[in-house]
Amino acid sequence: MLRRKSKNDALIITVNRKWYRNKNTLQLLSMCIIPLLLLFVFNYLPMGGLVIAFKDYRYDLGIFGSDWVGLKNFDYIVRSSDFARITRNTLRLNALFIVTGTIGAVINALMLNAITKRIFIKVYQTILIIPYFLSWVIVGYMTYALLNPQYGFLNIILNSMGMESIAWYDEPGYWPAILAIVSLWKM
C-alpha cells in the first residue's frame, strides 16, 4: 500500500536539508576562524600604531600617554624645499615600476605560452619564482656585487673590453634604470 506524502513529511525533509546545509556552513566558517584571526592580528591591529605619526612620541610615556600634536610632524616635510622633488621622484618611479612591471608580465606570459615542451615550462617557471624567495636585503647585496665600482661584475666586463669602470651609484641618471630592472626581476 502506497502512502501519500503529507505536508509534515515535506517540512521534515526541508528542516533536515537546512540543518545539513547549516552544518556544512558552520564547518566552513570554523575553518576560516584562524586565517581571519591572523589577518586581523597582522594586518589590521598594527594600524593602531599609525597614531604615532600624530603624536609627540616619547618612549617613556608610550603611544597613548604621549602628547597629541596633529599634523605638526608633517609640517617639516611639507615646508621642506625638497618636498616637490621628493613627490615628483616618487610619482615618476612608481609610474616607471607600473609600466615596466606590466610590460615584463606580458612578455613573460608570451614567452611561457610559446614554450611547447612541458619540462621547459617547468624550468622556466622555477627560474621565474626564485626571486620571490629572496629578501630585498639579499637582492640589494646582489645588485651591489654586480655594480660595485671596483670589483663589480659589470665593471670587470667593461675593464676586460678596455673600457673605463663606471661608478653606477654616484650618477643619479643610472638610478631609475637600476631600480626598474631590480624591481622587475624581483617582482
# chains A, B, ... in the order shown; residues from 1 in each chain; ligands from 1
call {"tool": "select_by_dssp", "arguments": {"residues": "range 5-161 of chain A", "states": "strand (DSSP E)", "output": "NGL selection string"}}
result
:A and (55-58 or 66-68)
call {"tool": "write_last_selection", "arguments": {"atoms": "C-alpha atoms", "output": "mmCIF file, in the first residue's frame"}}
result
data_model
loop_
_atom_site.group_PDB
_atom_site.id
_atom_site.type_symbol
_atom_site.label_atom_id
_atom_site.label_comp_id
_atom_site.auth_asym_id
_atom_site.auth_seq_id
_atom_site.Cartn_x
_atom_site.Cartn_y
_atom_site.Cartn_z
ATOM 1 C CA LYS A 55 51.838 62.386 18.446
ATOM 2 C CA ASP A 56 54.986 63.761 20.042
ATOM 3 C CA TYR A 57 56.029 60.220 20.841
ATOM 4 C CA ARG A 58 58.047 59.665 23.978
ATOM 5 C CA SER A 66 52.357 60.924 24.536
ATOM 6 C CA ASP A 67 51.034 64.378 23.638
ATOM 7 C CA TRP A 68 48.857 64.798 20.554
#
call {"tool": "residues_around", "arguments": {"residues": "Gly104 in chain A", "least_positions_apart": "3", "cutoff": "12 Å", "atoms": "only C-alpha atoms", "output": "ChimeraX atom specification"}}
result
/A:96-101,107-111,128,180-181,183-187
call {"tool": "closest_residue", "arguments": {"among": "A:Gly65, A:Leu71, A:Ile34, A:Val182", "to": "Val139 in chain A", "atoms": "only C-alpha atoms"}}
result
A:Val182
